[in-house]
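upload00.txt, holding compact mmCIF, C-alpha atoms:
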# COMPACT_ATOMS: atom_id res chain seq x y z
CA MET A 1 0.00 0.00 0.00
CA SER A 2 1.36 3.42 -0.95
CA LYS A 3 2.03 5.98 1.75
CA PRO A 4 -0.90 8.44 2.10
CA THR A 5 -0.33 12.09 1.23
CA LYS A 6 0.06 14.71 3.95
CA SER A 7 -3.49 16.00 3.34
CA ALA A 8 -4.86 12.45 3.56
CA GLU A 9 -2.93 11.87 6.81
CA LYS A 10 -4.40 15.07 8.29
CA ALA A 11 -7.90 14.00 7.26
CA LEU A 12 -7.42 10.62 8.94
CA LEU A 13 -6.12 12.22 12.14
CA LYS A 14 -9.09 14.59 12.22
CA SER A 15 -11.58 11.78 11.63
CA PHE A 16 -10.00 9.63 14.36
CA GLN A 17 -10.16 12.50 16.86
CA GLU A 18 -13.78 13.28 15.95
CA TYR A 19 -14.73 9.64 16.47
CA THR A 20 -12.87 9.15 19.74
CA GLY A 21 -12.09 12.54 21.30
CA ALA A 22 -8.48 11.35 21.58
CA SER A 23 -5.42 13.60 21.55
CA SER A 24 -3.50 14.18 18.33
CA THR A 25 -0.64 12.11 19.78
CA ASP A 26 -2.89 9.11 20.45
CA ALA A 27 -4.55 9.52 17.06
CA ALA A 28 -1.19 9.40 15.27
CA ARG A 29 -0.04 6.41 17.35
CA TYR A 30 -3.12 4.29 16.70
CA LEU A 31 -3.29 5.15 13.00
CA LYS A 32 0.37 4.22 12.61
CA LYS A 33 -0.21 0.93 14.43
CA TYR A 34 -3.42 -0.15 12.68
CA ARG A 35 -3.03 1.54 9.27
CA THR A 36 -6.76 2.10 8.57
CA LEU A 37 -9.25 4.34 10.36
CA GLU A 38 -11.75 1.61 11.21
CA ARG A 39 -9.13 -0.72 12.71
CA ALA A 40 -7.50 2.16 14.57
CA VAL A 41 -10.80 3.22 16.19
CA ASP A 42 -11.56 -0.39 17.15
CA GLY A 43 -8.05 -0.79 18.56
CA TYR A 44 -8.37 2.42 20.56
CA TYR A 45 -11.52 1.28 22.34
CA ASN A 46 -10.43 -2.36 22.67
CA GLU A 47 -7.28 -1.20 24.46
CA GLY A 48 -9.23 0.93 26.91
CA GLY A 49 -9.01 4.29 25.15
CA GLY A 50 -11.64 6.77 26.26
CA ALA A 51 -12.28 4.99 29.56
CA ALA A 52 -13.40 7.29 32.34
CA THR A 53 -10.89 8.27 35.01
CA PRO A 54 -11.82 9.04 38.63
CA SER A 55 -11.36 12.78 38.05
CA SER A 56 -13.83 12.70 35.16
CA THR A 57 -16.56 10.78 36.98
CA SER A 58 -18.30 13.79 38.53
CA ASN A 59 -18.25 15.69 35.23
CA ASP A 60 -19.69 12.66 33.45
CA SER A 61 -22.48 12.42 36.01
CA ALA A 62 -23.36 16.06 35.48
CA ARG A 63 -23.43 15.60 31.72
CA ASP A 64 -25.53 12.46 32.08
CA LYS A 65 -28.13 14.42 34.01
CA LYS A 66 -28.21 17.37 31.60
CA LEU A 67 -28.49 15.13 28.55
CA GLY A 68 -31.04 12.93 30.31
CA ASP A 69 -33.12 16.00 31.16
CA ILE A 70 -33.14 17.00 27.47
CA TRP A 71 -34.34 13.50 26.53
CA GLU A 72 -37.04 13.67 29.22
CA THR A 73 -38.35 16.93 27.72
CA TYR A 74 -39.25 15.17 24.46
CA LYS A 75 -40.21 11.67 25.63
CA ASP A 76 -43.66 10.30 24.87
CA PRO A 77 -45.93 10.60 27.96
CA SER A 78 -47.80 7.48 26.87
CA ASN A 79 -44.57 5.53 26.21
CA PRO A 80 -42.02 6.89 28.69
CA LYS A 81 -39.20 4.66 27.42
CA LEU A 82 -39.06 6.46 24.08
CA ILE A 83 -39.02 9.76 22.29
CA THR A 84 -41.49 9.06 19.48
CA ILE A 85 -42.52 10.93 16.32
CA GLU A 86 -44.21 13.87 18.03
CA GLY A 87 -41.27 14.41 20.36
CA THR A 88 -38.86 14.02 17.44
CA MET A 89 -40.64 16.79 15.54
CA GLU A 90 -40.38 19.08 18.58
CA TYR A 91 -36.70 18.16 19.00
CA CYS A 92 -36.03 18.92 15.34
CA GLN A 93 -37.72 22.28 15.73
CA ALA A 94 -35.51 23.10 18.73
CA LEU A 95 -32.40 22.23 16.69
CA ASP A 96 -33.61 23.92 13.46
CA ILE A 97 -33.59 20.61 11.57
CA ASP A 98 -35.98 20.15 8.66
CA PRO A 99 -36.83 16.44 8.97
CA GLU A 100 -38.02 16.33 5.36
CA SER A 101 -34.77 17.47 3.76
CA ASP A 102 -31.88 17.56 6.24
CA SER A 103 -29.69 14.46 6.20
CA VAL A 104 -28.18 15.43 9.56
CA LEU A 105 -31.20 13.80 11.21
CA PHE A 106 -29.91 10.47 9.88
CA CYS A 107 -26.46 11.29 11.29
CA LEU A 108 -28.09 11.65 14.69
CA ALA A 109 -30.04 8.43 14.16
CA ALA A 110 -26.81 6.53 13.51
CA ASP A 111 -24.83 8.20 16.29
CA LEU A 112 -27.60 8.06 18.91
CA GLY A 113 -28.67 4.48 18.21
CA SER A 114 -32.15 5.11 16.78
CA LYS A 115 -33.48 1.72 15.66
CA THR A 116 -36.78 3.00 14.25
CA THR A 117 -37.43 6.22 12.38
CA GLY A 118 -38.34 8.98 14.84
CA GLU A 119 -37.72 6.91 17.97
CA TRP A 120 -34.91 7.38 20.50
CA GLU A 121 -34.14 5.43 23.66
CA LYS A 122 -32.66 7.35 26.58
CA GLY A 123 -29.47 5.36 27.10
CA PRO A 124 -28.15 5.49 23.52
CA PHE A 125 -29.26 9.13 23.24
CA VAL A 126 -27.19 10.15 26.27
CA GLU A 127 -24.18 8.00 25.45
CA GLY A 128 -24.22 9.06 21.81
CA TRP A 129 -24.05 12.75 22.63
CA LYS A 130 -21.37 12.10 25.26
CA ALA A 131 -19.23 10.34 22.66
CA MET A 132 -19.15 13.43 20.45
CA PRO A 133 -16.41 16.02 20.95
CA GLY A 134 -17.08 19.39 22.50
CA ASN A 135 -18.53 18.48 25.92
CA ILE A 136 -22.06 18.72 24.53
CA ASP A 137 -24.68 19.01 27.28
CA SER A 138 -27.28 21.52 26.05
CA LEU A 139 -29.58 22.16 23.10
CA GLU A 140 -27.38 25.12 22.12
CA LYS A 141 -24.27 22.92 21.94
CA MET A 142 -26.16 20.21 20.07
CA LYS A 143 -27.33 22.74 17.49
CA ALA A 144 -23.82 24.17 17.18
CA HIS A 145 -22.43 20.69 16.45
CA LEU A 146 -24.78 19.94 13.56
CA PRO A 147 -22.70 21.72 10.86
CA THR A 148 -19.76 19.49 11.83
CA LEU A 149 -21.90 16.39 11.33
CA ARG A 150 -23.19 17.64 7.97
CA LYS A 151 -19.67 18.34 6.76
CA ARG A 152 -18.37 15.04 8.08
CA LEU A 153 -21.15 13.14 6.34
CA ASN A 154 -20.18 14.57 2.96
CA THR A 155 -16.40 14.42 3.36
CA ASP A 156 -15.57 11.38 5.51
CA PRO A 157 -15.94 8.04 3.64
CA VAL A 158 -16.08 5.91 6.79
CA TYR A 159 -18.68 8.08 8.49
CA PHE A 160 -20.72 8.39 5.29
CA LYS A 161 -20.89 4.60 4.91
CA LYS A 162 -21.84 4.19 8.58
CA VAL A 163 -24.76 6.60 8.29
CA TYR A 164 -25.77 5.39 4.84
CA MET A 165 -25.99 1.77 5.98
CA HIS A 166 -27.95 2.75 9.08
CA VAL A 167 -30.43 4.50 6.81
CA PHE A 168 -31.27 1.24 5.03
CA ASP A 169 -32.42 -0.36 8.27
CA LEU A 170 -34.48 2.71 9.17
CA ILE A 171 -36.31 3.09 5.88
CA LYS A 172 -37.21 -0.53 5.12
CA ALA A 173 -40.55 -1.85 6.32
CA PRO A 174 -40.47 -3.96 9.51
CA GLY A 175 -39.39 -7.49 8.63
CA ALA A 176 -38.61 -6.56 5.01
CA ARG A 177 -35.28 -7.38 3.36
CA VAL A 178 -35.57 -4.72 0.67
CA VAL A 179 -36.36 -1.02 0.37
CA THR A 180 -39.08 0.20 -1.98
CA LEU A 181 -37.70 1.83 -5.11
CA ASP A 182 -39.32 5.23 -4.53
CA THR A 183 -37.86 5.40 -1.01
CA ALA A 184 -34.41 4.33 -2.21
CA ILE A 185 -34.43 6.99 -4.94
CA ASP A 186 -35.47 9.66 -2.43
CA MET A 187 -32.57 8.69 -0.16
CA TRP A 188 -30.04 8.50 -3.00
CA ASN A 189 -31.08 12.00 -4.05
CA LEU A 190 -30.71 13.20 -0.47
CA PHE A 191 -27.30 11.65 0.27
CA LEU A 192 -25.33 11.24 -2.94
CA PRO A 193 -25.30 14.65 -4.73
CA PRO A 194 -23.91 16.59 -1.72
CA ALA A 195 -21.22 13.96 -1.16
CA LEU A 196 -20.26 13.95 -4.85
CA ALA A 197 -19.94 17.75 -4.81
CA ALA A 198 -17.97 17.99 -1.54
CA LYS A 199 -14.21 18.68 -1.49
CA PRO A 200 -12.82 16.40 -0.21
CA SER A 201 -15.59 13.94 -1.00
CA ALA A 202 -16.88 11.02 1.03
CA LEU A 203 -17.12 9.33 -2.38
CA SER A 204 -13.52 10.05 -3.35
CA HIS A 205 -12.06 7.69 -5.93
CA VAL A 206 -9.96 4.80 -4.63
CA SER A 207 -8.16 1.98 -6.39
CA PRO A 208 -10.06 -1.34 -6.46
CA ASP A 209 -6.83 -2.94 -5.22
CA THR A 210 -6.69 -0.75 -2.09
CA PRO A 211 -10.30 0.26 -1.39
CA THR A 212 -9.65 1.08 2.28
CA ALA A 213 -6.68 3.35 1.60
CA PRO A 214 -7.18 7.06 2.33
CA SER A 215 -7.83 9.16 -0.75
CA THR A 216 -8.33 12.81 -1.64
CA GLU A 217 -8.96 12.13 -5.33
CA PRO A 218 -12.26 13.54 -6.65
CA PRO A 219 -15.03 11.07 -7.47
CA THR A 220 -14.99 9.53 -10.94
CA PHE A 221 -18.67 8.68 -10.60
CA SER A 222 -20.33 11.97 -11.58
CA GLN A 223 -23.74 13.53 -11.14
CA LYS A 224 -24.43 12.47 -14.74
CA SER A 225 -23.57 8.89 -13.77
CA LEU A 226 -25.92 9.14 -10.80
CA ASP A 227 -28.72 10.42 -13.05
CA MET A 228 -28.18 7.38 -15.29
CA TRP A 229 -28.27 5.08 -12.25
CA LEU A 230 -31.59 6.58 -11.17
CA ASP A 231 -33.03 6.32 -14.71
CA PHE A 232 -31.90 2.70 -14.85
CA GLN A 233 -33.56 1.95 -11.52
CA ARG A 234 -36.83 3.58 -12.62
CA GLU A 235 -36.85 1.52 -15.82
CA ARG A 236 -36.01 -1.61 -13.85
CA GLY A 237 -38.84 -0.87 -11.42
CA LYS A 238 -37.81 -3.22 -8.60
CA ALA A 239 -37.17 -2.86 -4.89
CA VAL A 240 -33.56 -2.45 -3.72
CA SER A 241 -31.74 -5.14 -1.74
CA LYS A 242 -29.28 -4.42 1.05
CA ASP A 243 -26.50 -5.91 -1.06
CA THR A 244 -27.16 -3.47 -3.90
CA TRP A 245 -27.63 -0.57 -1.47
CA SER A 246 -24.27 -1.24 0.18
CA LEU A 247 -22.13 -2.17 -2.80
CA LEU A 248 -23.34 0.78 -4.87
CA ILE A 249 -21.04 2.97 -2.73
CA ASP A 250 -18.05 0.67 -3.30
CA PHE A 251 -18.84 0.65 -7.03
CA MET A 252 -19.08 4.46 -7.15
CA ARG A 253 -15.73 4.84 -5.40
CA THR A 254 -13.73 2.30 -7.42
CA ILE A 255 -15.10 2.47 -10.96
CA ASP A 256 -13.43 4.52 -13.70
CA ALA A 257 -15.44 7.27 -15.40
CA ASP A 258 -16.05 5.25 -18.59
CA LEU A 259 -16.67 1.92 -16.83
CA LYS A 260 -13.92 0.36 -18.95
CA ALA A 261 -12.20 -1.26 -15.97
CA TYR A 262 -15.37 -2.91 -14.64
CA ASP A 263 -14.67 -6.54 -13.74
CA GLU A 264 -17.65 -8.72 -14.67
CA GLU A 265 -16.08 -11.61 -12.77
CA ALA A 266 -16.01 -9.73 -9.48
CA ALA A 267 -18.70 -10.32 -6.87
CA TRP A 268 -20.92 -7.39 -7.80
CA PRO A 269 -24.72 -7.71 -7.44
CA SER A 270 -26.48 -8.55 -10.70
CA THR A 271 -28.19 -5.15 -10.53
CA ILE A 272 -24.83 -3.41 -10.89
CA ASP A 273 -23.81 -5.80 -13.70
CA ASP A 274 -27.03 -4.86 -15.49
CA PHE A 275 -26.38 -1.15 -14.91
CA VAL A 276 -22.93 -1.35 -16.49
CA GLU A 277 -24.46 -3.06 -19.53
CA TYR A 278 -27.18 -0.38 -19.61
CA VAL A 279 -24.58 2.41 -19.66
CA ARG A 280 -22.40 0.74 -22.26
CA GLU A 281 -25.36 0.29 -24.60
CA ARG A 282 -26.12 3.99 -24.36
CA GLN A 283 -22.50 4.91 -24.94
CA LYS A 284 -22.70 3.20 -28.33
CA THR A 285 -25.46 5.52 -29.54
Represent the structure contained in this file as structure tokens.
Amino acid sequence: MSKPTKSAEKALLKSFQEYTGASSTDAARYLKKYRTLERAVDGYYNEGGGAATPSSTSNDSARDKKLGDIWETYKDPSNPKLITIEGTMEYCQALDIDPESDSVLFCLAADLGSKTTGEWEKGPFVEGWKAMPGNIDSLEKMKAHLPTLRKRLNTDPVYFKKVYMHVFDLIKAPGARVVTLDTAIDMWNLFLPPALAAKPSALSHVSPDTPTAPSTEPPTFSQKSLDMWLDFQRERGKAVSKDTWSLLIDFMRTIDADLKAYDEEAAWPSTIDDFVEYVRERQKT
């Protein structure tokens, strides 16, 4: 694996610190030891990083209470173990989030352990906010942190994939293994164009041989390519499986602009095989 550029190294350090709240020294040490961001974050927590010290216990207790009080404000009186849809709408209003068009709500769902759209349990809500940097313990601090989450979603490949995959489980019907096509298209239109346009991009191009290597290269999958993908899906007219949902991101990040390097023998879903054929047929005309 080639050595990452200085800008890529800085991006990795920043992402590690945002995930863990660790010092720059610890971030550099774990990234050097584990080579990739995901393994470094896992190694950090597996080795006891971020564990509370006696001096931090009282501060943690105070934050627990403040965050718990915020959760209590929006919980459902008829179901006191959850914030439900009505409370979620009030919470969004307090944070100036438009739940119809702001993808940051899905960032919160992933980070705060929401298992069902518009529902939040107290424990994951409190622990999720505590895990974020900035000593967040008030609505004002939560609101101030949202631009960081929006930017991170569009520029950090690991975080983007985490949120994106969480979305699939939120938007599918209970017990279903697929997402309806209309819902999938709505979500692709919400998540993919901002990430494609961001610099650096969460969909930055990587080599198929080193897909986990850091990269600051712009995407080769363009907005025009995305429009063709959506047209193809509409013509196909079928629900979207989790396999297709997930591997679309890997395909977007590794494919060349003209699809010439596409490997038909690789383990791509048949939907992506069919899309490549669809594009190539149109390139002939």
### Message
Which residues are close to segment 266-268 of chain A, i.e. within 10 Å by all atoms listed in the file, leaving aside same-chain residues fewer than 4 positions away? Reply as a VMD selection string.
### Response
chain A and resid 243 to 244 247 to 248 250 to 251 262 272 to 273
#### Entry: Radius query 12 Å about (-2.0, 4.3, 17.1), atoms used: only C-alpha atoms, as number ranges by chain
A: 12-13, 16-17, 22-45, 47, 49
Using 5 Å of padding on each side, determine the axis-aligned box around all atoms of segment 130-146 of chain A present in the file and give its centre and edge lengths in Å to one decimal, as AutoDock Vina command-line options.
--center_x -23.0 --center_y 17.7 --center_z 20.4 --size_x 23.2 --size_y 24.8 --size_z 23.7
### Query
Distance atom CA of Glu86 of chain A-atom CA of His145 of chain A, one decimal place?
22.9 Å
#### Entry: Residue neighbourhood segment 61-70 of chain A, 7 Å, all atoms listed in the file, exclusion window fewer than 5 positions, as number ranges by chain
A: 122, 126, 137-138
### Task
Name the closest residue to Ala195 of chain A among the candidates A:Arg282, A:Lys151, A:Lys172, A:Arg234; distances are taken between atoms, counting all atoms listed in the file.
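The closest residue to Ala195 of chain A is A:Lys151.
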### Task
Find the residues near Met89 of chain A: any atom within 10 Å, counting all atoms listed in the file, skip ones fewer than 6 places away on the same chain, and give them as number ranges by chain.
A: 74, 83, 95, 97-99, 118
Keeping only C-alpha atoms, write the selected residues to a file as a PDB file, in the coordinates of the input.
ATOM      1  CA  TYR A  74     -39.250  15.170  24.460  1.00  0.00           C
ATOM      2  CA  ILE A  83     -39.020   9.760  22.290  1.00  0.00           C
ATOM      3  CA  LEU A  95     -32.400  22.230  16.690  1.00  0.00           C
ATOM      4  CA  ILE A  97     -33.590  20.610  11.570  1.00  0.00           C
ATOM      5  CA  ASP A  98     -35.980  20.150   8.660  1.00  0.00           C
ATOM      6  CA  PRO A  99     -36.830  16.440   8.970  1.00  0.00           C
ATOM      7  CA  GLY A 118     -38.340   8.980  14.840  1.00  0.00           C
TER       8      GLY A 118
END
### Query
Which residues come within 9 Å of Met132 of chain A, counting only C-alpha atoms, excluding same-chain residues fewer than 4 positions away, as a VMD selection string?
chain A and resid 18 to 21 111 127 to 128 136 145
### Message
Taking only C-alpha atoms into account, name the residue in A:Ser270, A:Ser78, A:Thr220, A:Ser246 that is nearest to Met165 of chain A.
### Response
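With only C-alpha atoms as the atom set, the closest residue is A:Ser246.
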### Task
Would you list the contacts of Met228 of chain A as an MDAnalysis selection string, taking every protein, DNA or RNA residue within 9 Å and counting all atoms listed in the file, but skipping same-chain residues closer than 3 positions in sequence?
chainID A and resid 223:225 231:233 275 278:279
### Task
Could you check how far atom CA of Asn189 of chain A sits from atom CA of Leu230 of chain A, in Å to one decimal?
9.0 Å
### Query
Nearest to Ala198 of chain A: which of A:Leu153, A:Ala257, A:Met252, A:Ile171 is it, counting all atoms listed in the file?
A:Leu153
### Task
Pick out the closest residue to Asp227 of chain A from this set: A:Gly123, A:Pro193, A:Pro174, A:Pro208. Count all atoms listed in the file.
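Selected residue with least distance to Asp227 of chain A: A:Pro193.
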### Task
Could you please determine the separation between atom CA of Arg236 of chain A and atom CA of Thr180 of chain A in Å, to one decimal place?
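Calculated distance between atom CA of Arg236 of chain A and atom CA of Thr180 of chain A is 12.4 Å.
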### Query
So which one's closest to Ser114 of chain A, A:Thr210, A:Val167, A:Lys141, A:Asn79? Using all atoms listed in the file, please.
A:Val167
